[in-house]
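> run-v8.txt (compact mmCIF, C-alpha atoms) pasted underneath:
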# COMPACT_ATOMS: atom_id res chain seq x y z
CA MET X 18 -14.14 30.80 -56.46
CA MET X 19 -11.90 28.17 -55.03
CA SER X 20 -12.76 26.71 -51.64
CA PRO X 21 -10.07 27.03 -49.00
CA THR X 22 -7.83 24.02 -48.62
CA PRO X 23 -8.73 22.23 -45.40
CA ALA X 24 -6.05 22.13 -42.75
CA TYR X 25 -4.27 18.82 -42.57
CA VAL X 26 -5.01 16.94 -39.38
CA GLU X 27 -2.57 14.22 -38.46
CA LYS X 28 -4.32 11.05 -37.37
CA PRO X 29 -2.77 9.17 -34.48
CA SER X 30 -1.01 6.03 -35.59
CA ILE X 31 -2.04 2.66 -34.23
CA MET X 32 1.56 2.20 -33.14
CA SER X 33 1.75 5.59 -31.40
CA PHE X 34 2.72 5.49 -27.74
CA ASP X 35 -0.24 5.95 -25.39
CA LYS X 36 1.23 6.66 -21.98
CA SER X 37 -1.99 6.12 -20.01
CA THR X 38 -2.48 2.71 -21.65
CA ALA X 39 1.09 1.71 -20.80
CA ILE X 40 0.54 2.85 -17.20
CA VAL X 41 -2.63 0.83 -16.73
CA LEU X 42 -0.91 -2.22 -18.26
CA VAL X 43 1.90 -1.89 -15.71
CA ALA X 44 -0.69 -1.70 -12.91
CA ILE X 45 -2.49 -4.74 -14.31
CA SER X 46 0.73 -6.73 -14.57
CA LEU X 47 1.51 -5.85 -10.95
CA ILE X 48 -1.94 -7.03 -9.86
CA LEU X 49 -1.72 -10.30 -11.74
CA VAL X 50 1.81 -11.10 -10.58
CA GLU X 51 0.87 -10.50 -6.94
CA THR X 52 -2.40 -12.42 -7.21
CA PHE X 53 -0.59 -15.48 -8.58
CA SER X 54 2.80 -14.86 -6.93
CA GLY X 55 3.11 -18.24 -5.23
CA ALA X 56 2.22 -20.28 -8.31
CA LEU X 57 4.17 -18.04 -10.70
CA ARG X 58 7.33 -18.29 -8.60
CA PHE X 59 7.10 -22.10 -8.67
CA TYR X 60 6.54 -22.49 -12.41
CA LEU X 61 8.86 -19.70 -13.56
CA ASP X 62 11.64 -21.10 -11.35
CA LYS X 63 11.14 -24.47 -13.02
CA ALA X 64 11.44 -22.79 -16.42
CA GLY X 65 14.47 -20.77 -15.33
CA ILE X 66 12.83 -17.40 -16.09
CA SER X 67 11.78 -16.27 -12.60
CA VAL X 68 13.43 -12.91 -13.37
CA LEU X 69 10.19 -11.98 -15.18
CA LEU X 70 8.52 -11.60 -11.77
CA TYR X 71 10.58 -8.49 -11.12
CA ALA X 72 9.56 -6.75 -14.37
CA PRO X 73 6.37 -5.02 -13.08
CA LYS X 74 8.16 -3.30 -10.18
CA VAL X 75 11.05 -2.26 -12.40
CA ALA X 76 8.47 -0.80 -14.80
CA CYS X 77 6.93 1.05 -11.84
CA LEU X 78 10.27 2.72 -11.14
CA LEU X 79 10.74 3.56 -14.80
CA PHE X 80 7.36 5.26 -15.16
CA PHE X 81 7.80 7.08 -11.86
CA ALA X 82 11.09 8.50 -13.14
CA LEU X 83 9.44 9.52 -16.43
CA GLU X 84 6.54 11.24 -14.64
CA LEU X 85 8.85 13.26 -12.37
CA ARG X 86 9.45 15.68 -15.24
CA SER X 87 5.80 16.79 -15.24
CA PHE X 88 4.76 15.69 -11.76
CA LYS X 89 2.86 18.46 -9.99
CA ALA X 90 2.92 18.09 -6.23
CA GLY X 91 3.12 20.33 -3.23
CA PRO X 92 6.29 21.08 -1.29
CA GLY X 93 5.39 18.37 1.22
CA VAL X 94 5.83 15.60 -1.37
CA TRP X 95 9.15 16.97 -2.60
CA LEU X 96 10.29 17.33 1.01
CA SER X 97 9.41 13.66 1.55
CA PHE X 98 11.62 12.71 -1.40
CA LEU X 99 14.44 14.75 0.14
CA VAL X 100 13.96 12.93 3.45
CA LEU X 101 14.20 9.64 1.54
CA LEU X 102 17.56 10.63 0.05
CA LEU X 103 18.93 11.90 3.37
CA SER X 104 17.79 8.74 5.12
CA SER X 105 19.54 6.65 2.46
CA ALA X 106 22.76 8.55 3.07
CA TRP X 107 22.34 7.96 6.81
CA ALA X 108 21.85 4.23 6.16
CA VAL X 109 25.16 4.17 4.25
CA LEU X 110 26.90 5.63 7.29
CA ASN X 111 25.33 2.84 9.35
CA GLY X 112 26.72 0.12 7.10
CA ALA X 113 24.18 -0.21 4.27
CA GLY X 114 25.35 -0.82 0.73
CA ALA X 115 24.02 0.10 -2.69
CA GLY X 116 22.12 -3.18 -2.78
CA ASN X 117 20.17 -2.25 0.35
CA PHE X 118 19.10 1.09 -1.11
CA ALA X 119 18.23 -0.40 -4.52
CA PHE X 120 16.20 -3.25 -3.03
CA ALA X 121 14.34 -0.92 -0.64
CA LEU X 122 13.55 1.46 -3.52
CA TYR X 123 12.42 -1.51 -5.59
CA GLY X 124 10.14 -2.53 -2.69
CA ILE X 125 8.30 0.80 -2.50
CA SER X 126 8.20 1.26 -6.29
CA PRO X 127 4.44 0.49 -6.45
CA LEU X 128 3.78 3.31 -3.98
CA LEU X 129 5.85 5.78 -6.03
CA PHE X 130 4.16 4.57 -9.21
CA GLY X 131 0.68 4.95 -7.73
CA LEU X 132 1.55 8.40 -6.41
CA ALA X 133 2.80 9.78 -9.73
CA CYS X 134 0.77 7.75 -12.24
CA GLY X 135 -2.30 6.47 -10.37
CA ASP X 136 -4.81 8.99 -11.62
CA GLN X 137 -4.03 8.11 -15.24
CA ILE X 138 -5.40 4.62 -14.52
CA THR X 139 -8.87 6.19 -14.29
CA ARG X 140 -8.79 6.74 -18.06
CA HIS X 141 -9.13 2.97 -18.41
CA ARG X 142 -11.39 2.43 -15.42
CA LYS X 143 -13.52 -0.35 -16.93
CA LEU X 144 -10.51 -2.40 -17.97
CA PHE X 145 -8.98 -1.93 -14.53
CA MET X 146 -12.22 -3.04 -12.84
CA TRP X 147 -12.51 -6.16 -14.99
CA VAL X 148 -8.94 -7.18 -14.16
CA ILE X 149 -9.57 -6.64 -10.44
CA ALA X 150 -12.79 -8.66 -10.68
CA PHE X 151 -10.89 -11.51 -12.37
CA ALA X 152 -8.10 -11.35 -9.76
CA LEU X 153 -10.66 -11.40 -6.94
CA MET X 154 -12.44 -14.45 -8.35
CA ALA X 155 -9.09 -16.18 -8.88
CA SER X 156 -8.08 -15.44 -5.29
CA LEU X 157 -11.34 -16.87 -3.96
CA GLY X 158 -10.97 -19.89 -6.24
CA GLY X 159 -7.42 -20.35 -4.96
CA ILE X 160 -8.72 -20.71 -1.41
CA VAL X 161 -11.07 -23.50 -2.51
CA LEU X 162 -8.27 -25.28 -4.36
CA ASP X 163 -5.94 -24.90 -1.39
CA LYS X 164 -8.47 -26.42 1.00
CA TYR X 165 -9.53 -29.38 -1.12
CA THR X 166 -6.56 -30.19 -3.36
CA ASN X 167 -2.81 -30.60 -3.05
CA LEU X 168 -1.27 -27.59 -4.78
CA PRO X 169 2.20 -28.31 -6.24
CA TRP X 170 3.60 -24.93 -5.17
CA LYS X 171 2.46 -25.23 -1.55
CA GLY X 172 5.54 -25.17 0.69
CA TYR X 173 7.88 -24.20 -2.15
CA SER X 174 10.80 -21.93 -1.18
CA TYR X 175 13.50 -20.06 -3.06
CA SER X 176 16.68 -18.15 -2.24
CA ILE X 177 17.65 -14.48 -2.66
CA GLY X 178 21.09 -13.34 -1.59
CA GLY X 179 21.62 -16.55 0.33
CA THR X 180 18.37 -16.07 2.30
CA GLU X 181 15.63 -18.65 1.88
CA LEU X 182 12.15 -17.20 1.27
CA SER X 183 8.81 -18.91 0.87
CA ALA X 184 6.95 -18.77 -2.42
CA ASN X 185 3.87 -20.30 -0.78
CA THR X 186 3.89 -21.27 2.87
CA THR X 187 2.36 -24.38 4.32
CA TRP X 188 1.65 -23.78 7.96
CA ALA X 189 -1.15 -23.91 10.46
CA ALA X 190 -2.55 -21.79 13.26
CA GLU X 191 -4.84 -23.05 16.02
CA ASP X 192 -4.81 -26.53 14.42
CA ALA X 193 -6.22 -25.14 11.16
CA ASP X 194 -4.36 -24.80 7.89
CA ARG X 195 -4.00 -21.23 6.60
CA PRO X 196 -4.74 -21.28 2.87
CA ALA X 197 -2.74 -19.00 0.59
CA GLY X 198 -4.24 -20.12 -2.72
CA PHE X 199 -2.21 -18.80 -5.64
CA ALA X 200 -0.48 -16.16 -3.47
CA ARG X 201 2.65 -16.47 -1.32
CA ILE X 202 1.15 -16.38 2.18
CA SER X 203 -2.34 -16.29 3.65
CA SER X 204 -1.95 -12.81 5.14
CA ALA X 205 -1.03 -11.39 1.72
CA LEU X 206 -4.02 -13.18 0.19
CA ALA X 207 -6.32 -11.69 2.82
CA ILE X 208 -5.06 -8.17 2.04
CA ILE X 209 -5.48 -8.78 -1.69
CA ILE X 210 -9.09 -9.93 -1.28
CA SER X 211 -9.87 -7.01 1.05
CA ILE X 212 -8.49 -4.36 -1.31
CA PHE X 213 -10.09 -5.83 -4.43
CA SER X 214 -13.49 -6.31 -2.78
CA LEU X 215 -13.57 -2.78 -1.35
CA TYR X 216 -12.53 -1.27 -4.67
CA LEU X 217 -15.20 -3.13 -6.64
CA MET X 218 -18.05 -2.60 -4.17
CA THR X 219 -17.47 1.17 -4.22
CA MET X 220 -17.12 1.39 -8.00
CA VAL X 221 -20.14 -0.66 -9.14
CA ARG X 222 -23.46 1.15 -9.57
CA SER X 223 -25.74 -1.63 -8.36
CA ARG X 224 -26.31 -1.63 -4.60
CA MET X 225 -27.26 -5.30 -4.59
CA LEU X 226 -24.08 -6.19 -6.47
CA ALA X 227 -22.05 -4.12 -4.00
CA ILE X 228 -23.62 -5.99 -1.08
CA ALA X 229 -22.89 -9.33 -2.78
CA ILE X 230 -19.24 -8.37 -3.35
CA CYS X 231 -18.98 -7.26 0.28
CA GLY X 232 -20.34 -10.58 1.55
CA VAL X 233 -18.18 -12.72 -0.72
CA GLY X 234 -15.08 -10.64 0.05
CA LEU X 235 -15.59 -10.84 3.80
CA ALA X 236 -16.11 -14.61 3.58
CA GLY X 237 -12.88 -14.96 1.61
CA VAL X 238 -10.89 -12.93 4.13
CA VAL X 239 -12.31 -14.99 7.02
CA LEU X 240 -11.33 -18.23 5.27
CA THR X 241 -7.68 -17.12 5.17
CA THR X 242 -7.83 -17.07 9.02
CA SER X 243 -5.95 -13.72 9.03
CA LYS X 244 -7.43 -11.54 11.75
CA ALA X 245 -6.15 -8.03 11.01
CA PRO X 246 -7.55 -7.95 7.44
CA VAL X 247 -10.97 -9.04 8.76
CA LEU X 248 -10.97 -6.11 11.17
CA ALA X 249 -9.66 -3.80 8.46
CA PHE X 250 -12.30 -4.89 5.96
CA ALA X 251 -15.10 -4.42 8.48
CA GLY X 252 -13.68 -1.06 9.55
CA ALA X 253 -13.53 0.21 5.96
CA VAL X 254 -17.11 -0.86 5.28
CA ALA X 255 -18.25 0.85 8.49
CA LEU X 256 -16.44 4.05 7.47
CA LEU X 257 -18.22 4.05 4.11
CA MET X 258 -21.54 3.82 5.92
CA ILE X 259 -20.91 6.95 8.00
CA THR X 260 -19.25 9.23 5.42
CA ARG X 261 -22.40 11.39 5.25
CA PHE X 262 -21.67 12.40 8.87
CA ARG X 263 -18.58 14.52 8.36
CA TRP X 264 -17.37 14.94 11.93
CA THR X 265 -18.15 11.35 12.90
CA THR X 266 -16.10 10.22 9.92
CA ARG X 267 -13.22 12.47 10.90
CA GLY X 268 -13.36 11.21 14.48
CA ALA X 269 -13.16 7.60 13.29
CA ILE X 270 -10.20 8.44 11.06
CA VAL X 271 -8.27 10.15 13.86
CA ALA X 272 -9.03 7.29 16.26
CA ALA X 273 -7.80 4.66 13.78
CA VAL X 274 -4.52 6.45 13.10
CA LEU X 275 -3.84 7.25 16.77
CA LEU X 276 -4.54 3.65 17.77
CA GLY X 277 -2.05 2.48 15.18
CA VAL X 278 0.58 4.79 16.68
CA ALA X 279 -0.27 3.79 20.27
CA LEU X 280 -0.21 0.00 19.93
CA PRO X 281 3.60 -0.47 19.81
CA PHE X 282 4.04 1.73 22.89
CA ILE X 283 1.45 -0.24 24.88
CA GLY X 284 3.85 -3.18 24.89
CA MET X 285 6.52 -0.95 26.43
CA MET X 286 4.23 0.43 29.13
CA TYR X 287 2.60 -2.79 30.37
CA ASP X 288 3.98 -6.18 31.41
CA PHE X 289 2.01 -8.84 29.60
CA ASP X 290 2.08 -12.51 30.54
CA PRO X 291 4.54 -14.28 28.16
CA ASN X 292 2.62 -17.55 28.63
CA LYS X 293 -0.24 -16.10 26.57
CA ILE X 294 1.92 -16.41 23.44
CA SER X 295 1.89 -20.21 23.55
CA THR X 296 -1.76 -20.67 24.55
CA GLY X 297 -2.86 -21.09 20.95
CA SER X 298 -5.63 -18.53 21.39
CA SER X 299 -6.73 -16.13 18.67
CA LEU X 300 -4.81 -13.32 20.43
CA SER X 301 -1.49 -15.14 20.77
CA SER X 302 -0.01 -13.36 17.73
CA ILE X 303 -0.84 -9.90 19.06
CA TYR X 304 0.63 -10.85 22.44
CA ASP X 305 3.81 -11.95 20.66
CA ARG X 306 4.06 -8.52 19.04
CA LEU X 307 3.30 -6.69 22.29
CA ILE X 308 5.79 -8.73 24.33
CA ASN X 309 8.59 -9.45 21.84
CA THR X 310 8.58 -7.89 18.37
CA TRP X 311 7.69 -4.24 19.03
CA PRO X 312 9.59 -3.76 22.32
CA ASN X 313 12.70 -5.44 20.89
CA VAL X 314 12.85 -3.13 17.87
CA ILE X 315 12.16 -0.03 19.97
CA ARG X 316 14.78 -0.98 22.56
CA GLU X 317 17.33 -1.50 19.79
CA LEU X 318 16.58 1.95 18.36
CA VAL X 319 16.99 3.55 21.77
CA SER X 320 20.12 1.62 22.76
CA GLU X 321 21.83 2.47 19.46
CA ASP X 322 20.86 6.18 19.77
CA ARG X 323 18.73 5.96 16.64
CA ALA X 324 15.39 6.84 18.18
CA TYR X 325 15.46 10.31 16.59
CA THR X 326 17.07 9.48 13.24
CA GLY X 327 16.14 5.83 12.62
CA ALA X 328 18.49 3.27 11.05
CA GLY X 329 18.05 4.71 7.56
CA PHE X 330 16.28 3.78 4.34
CA GLY X 331 17.57 0.37 3.27
CA LEU X 332 18.32 -1.00 6.73
CA VAL X 333 14.75 -2.00 7.56
CA GLY X 334 12.60 -4.77 6.14
CA SER X 335 13.28 -7.27 3.38
CA SER X 336 16.26 -5.33 2.04
CA VAL X 337 18.17 -6.53 5.11
CA ALA X 338 17.14 -10.12 4.35
CA ALA X 339 18.35 -9.82 0.75
CA PHE X 340 21.53 -7.90 1.64
CA PRO X 341 22.44 -8.66 5.28
CA VAL X 342 24.10 -5.94 7.35
CA ALA X 343 25.73 -6.65 10.69
CA GLY X 344 23.55 -5.53 13.58
CA ALA X 345 20.47 -4.84 11.43
CA ASP X 346 18.81 -8.25 11.73
CA ILE X 347 16.45 -6.95 14.41
CA PHE X 348 14.94 -4.51 11.88
CA MET X 349 14.09 -7.22 9.37
CA ILE X 350 10.53 -7.67 10.71
CA SER X 351 8.60 -4.96 12.55
CA ASP X 352 5.00 -6.23 12.25
CA SER X 353 3.83 -2.62 12.43
CA THR X 354 4.04 0.12 9.84
CA VAL X 355 4.50 2.69 12.61
CA VAL X 356 7.52 0.81 13.96
CA TYR X 357 8.76 0.24 10.39
CA LEU X 358 8.65 3.96 9.58
CA TRP X 359 10.16 4.88 12.95
CA ALA X 360 13.00 2.39 12.50
CA THR X 361 13.62 3.78 9.01
CA PHE X 362 13.20 7.54 9.39
CA GLY X 363 13.15 8.15 13.15
CA LEU X 364 10.70 10.73 14.42
CA VAL X 365 10.03 11.85 10.85
CA GLY X 366 8.61 8.38 10.26
CA LEU X 367 6.01 8.92 12.99
CA PHE X 368 5.07 12.20 11.31
CA LEU X 369 4.74 10.43 7.95
CA TYR X 370 2.36 7.90 9.49
CA ALA X 371 0.30 10.72 11.02
CA LEU X 372 -0.21 12.11 7.50
CA HIS X 373 -2.86 9.41 7.10
CA ILE X 374 -5.19 11.85 8.86
CA PRO X 375 -5.12 14.73 6.32
CA LEU X 376 -5.04 12.17 3.50
CA PHE X 377 -8.28 10.54 4.64
CA PHE X 378 -9.88 13.92 5.41
CA ILE X 379 -9.37 14.97 1.77
CA LEU X 380 -10.61 11.64 0.39
CA ALA X 381 -13.67 11.70 2.67
CA ASP X 382 -14.74 15.02 1.13
CA ILE X 383 -14.57 13.61 -2.42
CA THR X 384 -18.00 12.39 -3.54
CA SER X 385 -16.94 10.49 -6.68
CA ARG X 386 -16.97 6.69 -6.77
CA TYR X 387 -13.23 6.60 -7.34
CA GLY X 388 -12.67 8.90 -4.37
CA ARG X 389 -14.75 6.60 -2.14
CA ALA X 390 -12.79 3.62 -3.48
CA MET X 391 -9.51 5.28 -2.52
CA LEU X 392 -10.88 6.15 0.93
CA ALA X 393 -12.09 2.59 1.57
CA THR X 394 -8.93 0.83 0.36
CA GLY X 395 -6.65 3.37 2.07
CA PHE X 396 -8.47 3.08 5.40
CA CYS X 397 -8.35 -0.72 5.16
CA ILE X 398 -4.60 -0.58 4.57
CA CYS X 399 -4.23 1.77 7.54
CA ILE X 400 -5.91 -0.70 9.92
CA VAL X 401 -3.88 -3.60 8.50
CA SER X 402 -0.77 -1.50 9.17
CA TRP X 403 -1.37 -1.81 12.90
CA THR X 404 0.14 -5.29 12.82
CA THR X 405 1.77 -5.49 9.37
CA ASP X 406 4.70 -3.87 7.54
CA THR X 407 2.41 -2.65 4.76
CA LEU X 408 5.35 -1.04 2.95
CA GLU X 409 6.45 -4.62 2.27
CA VAL X 410 3.06 -5.52 0.73
CA THR X 411 3.05 -4.73 -2.99
CA LEU X 412 -0.65 -4.12 -3.62
CA ALA X 413 -1.06 -2.18 -0.38
CA ASN X 414 1.73 0.08 -1.65
CA LEU X 415 0.07 0.48 -5.06
CA PHE X 416 -3.36 1.45 -3.73
CA LEU X 417 -1.97 3.68 -1.00
CA GLY X 418 0.08 5.50 -3.62
CA MET X 419 -3.02 5.84 -5.81
CA ALA X 420 -4.94 7.27 -2.84
CA ILE X 421 -2.22 9.83 -2.12
CA GLY X 422 -1.97 10.82 -5.79
CA HIS X 423 -5.75 11.26 -6.06
CA ALA X 424 -5.89 13.36 -2.89
CA LEU X 425 -3.11 15.61 -4.18
CA ALA X 426 -4.86 16.03 -7.52
CA ALA X 427 -8.18 16.82 -5.83
CA ARG X 428 -6.60 19.40 -3.56
CA SER X 429 -4.82 21.12 -6.44
CA GLN X 430 -8.10 21.27 -8.39
CA LEU X 431 -9.87 22.86 -5.43
CA ARG X 432 -7.15 25.48 -5.13
CA ALA X 433 -7.32 26.24 -8.84
CA ALA X 434 -11.12 26.59 -8.71
CA ALA X 435 -11.11 28.83 -5.60
CA PRO X 436 -12.10 32.44 -6.44
CA LYS X 437 -9.28 34.93 -6.15
CA PRO X 438 -9.78 37.87 -3.77
CA VAL X 439 -10.81 41.12 -5.46
CA GLU X 440 -9.38 44.40 -4.27
CA ALA X 441 -11.86 47.02 -3.13
CA THR X 442 -12.36 49.87 -5.61
CA SER X 443 -13.80 53.36 -5.30
CA TRP X 444 -16.48 54.89 -7.49
CA ASN X 445 -13.86 56.22 -9.89
CA GLY X 446 -12.06 52.87 -10.21
CA LEU X 447 -9.01 53.73 -8.11
CA PRO X 448 -8.02 50.72 -5.95
CA GLY X 449 -8.26 51.11 -2.20
CA LEU X 450 -10.32 54.35 -2.28
CA SER X 451 -13.89 54.02 -1.08
When written as C-alpha cells, how does the structure in this file appear?


Amino acid sequence: MMSPTPAYVEKPSIMSFDKSTAIVLVAISLILVETFSGALRFYLDKAGISVLLYAPKVACLLFFALELRSFKAGPGVWLSFLVLLLSSAWAVLNGAGAGNFAFALYGISPLLFGLACGDQITRHRKLFMWVIAFALMASLGGIVLDKYTNLPWKGYSYSIGGTELSANTTWAAEDADRPAGFARISSALAIIISIFSLYLMTMVRSRMLAIAICGVGLAGVVLTTSKAPVLAFAGAVALLMITRFRWTTRGAIVAAVLLGVALPFIGMMYDFDPNKISTGSSLSSIYDRLINTWPNVIRELVSEDRAYTGAGFGLVGSSVAAFPVAGADIFMISDSTVVYLWATFGLVGLFLYALHIPLFFILADITSRYGRAMLATGFCICIVSWTTDTLEVTLANLFLGMAIGHALAARSQLRAAAPKPVEATSWNGLPGLS
C-alpha cells in the first residue's frame, strides 16, 4: 500500500517581502534621523545628499497609502480624513498652493503612518526597544558633548524655499546655553528624551531598571532647560502611578486636556504686564505666548472671519515658511497645538483636540505594557502641546499616531469579543413566545 503523497508546502523565500519588517525599519529610520537631525543635516549638506533626510517621511506616506486598502477604522477616522480634504480645498481658496498642501501632508506623515501601521511595529518589539534605547543614550551623550565640546554643526543653518532654517541652534536663555546635542533644537531634544524614556520605562520588566530610566530621562530633560517637557514628563509619570484608580485617572486626563484648551483664551481675557517678557525669569516665555503669540493668532482668525472655518490645511505652520502665502505669516508659529488646530480647521480643530479625552480613556483601560507605553507617551505629548505645535514635531506625531492606532485596535477587539444579545425563546423554540 502506497503512502499518500504529502502536500507540498511552499517555504517563504529569504527575499520575500515582509511588510511588518519594512514598517518597523521605516519607524527606526525616522527615529534615527530625528535623533541626529542637527548633525545629519550638517554632514549630508556638505556631501550634497541632504535629500536623504526626507526619505523616512516619504516612506511614511507610502506605507500609509498602502495600508489604506485594508485599514479598518471607525467612521470617525474616515470623517477626519474627509475634514482634511475639505480643509485643504478651503486653504486653496485662501491662497494656498499645491506646495503648501504637499508640505503640510509631508509634515504629518509620521502621524498617519503611526495611525495605520503602528501596531505592526509590536511584532518587532525587542528590536524597536533596542533602537529607542540606543537613541536615548545618544541623545544624553549629545548633551554632554554640547556642554563640554565645540560641535561643528552648532549654529549651522540651511535654506528651504528661500527661508533660512536652523539645523542646530546656538542660543541661550537666562544666561545659560541651551544644549541641543545631535538634534536641531533643545526643545526637540527634550521631547525626544521624554518620549524615549517613558516608552522604555513602561516596557521593561525590571522595576529598578524602570526607576533608573526615569531618573536618567528626567535629568536629561532638565539639562536641556526646556520647561514644558519637564512638566510633561513628570505629569506622565504621575499618571502612570495613579492608573489603578480609574476615576482619579480620568479626572486627571480631563483636567490636562481642558487646561490645554483654556490656556490660549486666558491671554485674551486678562491683561498681563508686557514688562514680564523681558525680565529674564523662567516664566518669560509663557508670558510672551499669553501676551503676544496666542492673542495675535486668535485676533487674526476673528478679524479675517476664519474663527469658524480656520485658514485651511496648508496655511498653518512650517508649510507657510517653505511656501510663503500673503497674509498667512501670522500662522507660521502658534506655540500651542490647540491654536494650531483651530487656525487650521476652525471649530472642528478644537473638537479634534478634545478627542484626547476618549483616546486616553481607552488607553488607560488597557493593562498591557504597550498600552501603558502609549498612554504615558501620549499624555506627555498632550502636556507639551500646551505650549508647542506638536504637529510640527516628528516623533511626537509618530507616537501620537501609534497611540491612536492602538486605541482603535483595542476598541475594535472589545466590540468583536462582546457577546451578542440572544432573543428570548419559548418552551417550544418559537422566538418571542414565553

> Choose the residue, out of X:Gly55, X:Gly331, X:Gly268, X:Pro196, that has the smallest atom-to-atom separation from X:Ser243; count all atoms listed in the file.

X:Pro196

> Kindly assemble as a Markdown table a list of the stretch 397-418 of chain X residues that lie within 12 Å of stretch 67-80 of chain X, each paired with its nearest atom pair and their distance in Å to one decimal, using all atoms listed in the file, sorted first by chain and then by ascending residue number.


| residue | atom | partner | partner_atom | distance |
| --- | --- | --- | --- | --- |
| X:Thr411 | CA | X:Lys74 | CA | 8.9 |
| X:Leu412 | CA | X:Lys74 | CA | 11.0 |
| X:Asn414 | CA | X:Lys74 | CA | 11.2 |
| X:Leu415 | CA | X:Cys77 | CA | 9.7 |
| X:Gly418 | CA | X:Cys77 | CA | 11.6 |

> Considering all atoms listed in the file, return as a VMD selection string whatever protein or nucleic-acid residues lie within 7 Å of X:Gly334, sequence-local ones (same chain, fewer than 4 positions apart) excluded.

chain X and resid 348 to 350

> Taking into account all atoms listed in the file, which residue in the set X:Asp305, X:Gly327, X:Ala343, X:Ser336 is nearest to X:Ala360?

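For X:Ala360, the nearest of the given residues is X:Gly327.
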
> Using all atoms listed in the file, which residue out of X:Thr260, X:Thr241, X:Ser214, X:Thr326 lies closest to X:Leu103?

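Closest residue, counting all atoms listed in the file: X:Thr326.
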
> For a quick check of understanding, using all atoms listed in the file, which of X:Ile202, X:Ala339, X:Leu99, X:Ala39 has the smallest distance to X:Phe53?

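Under the stated criterion, the closest residue is X:Ile202.
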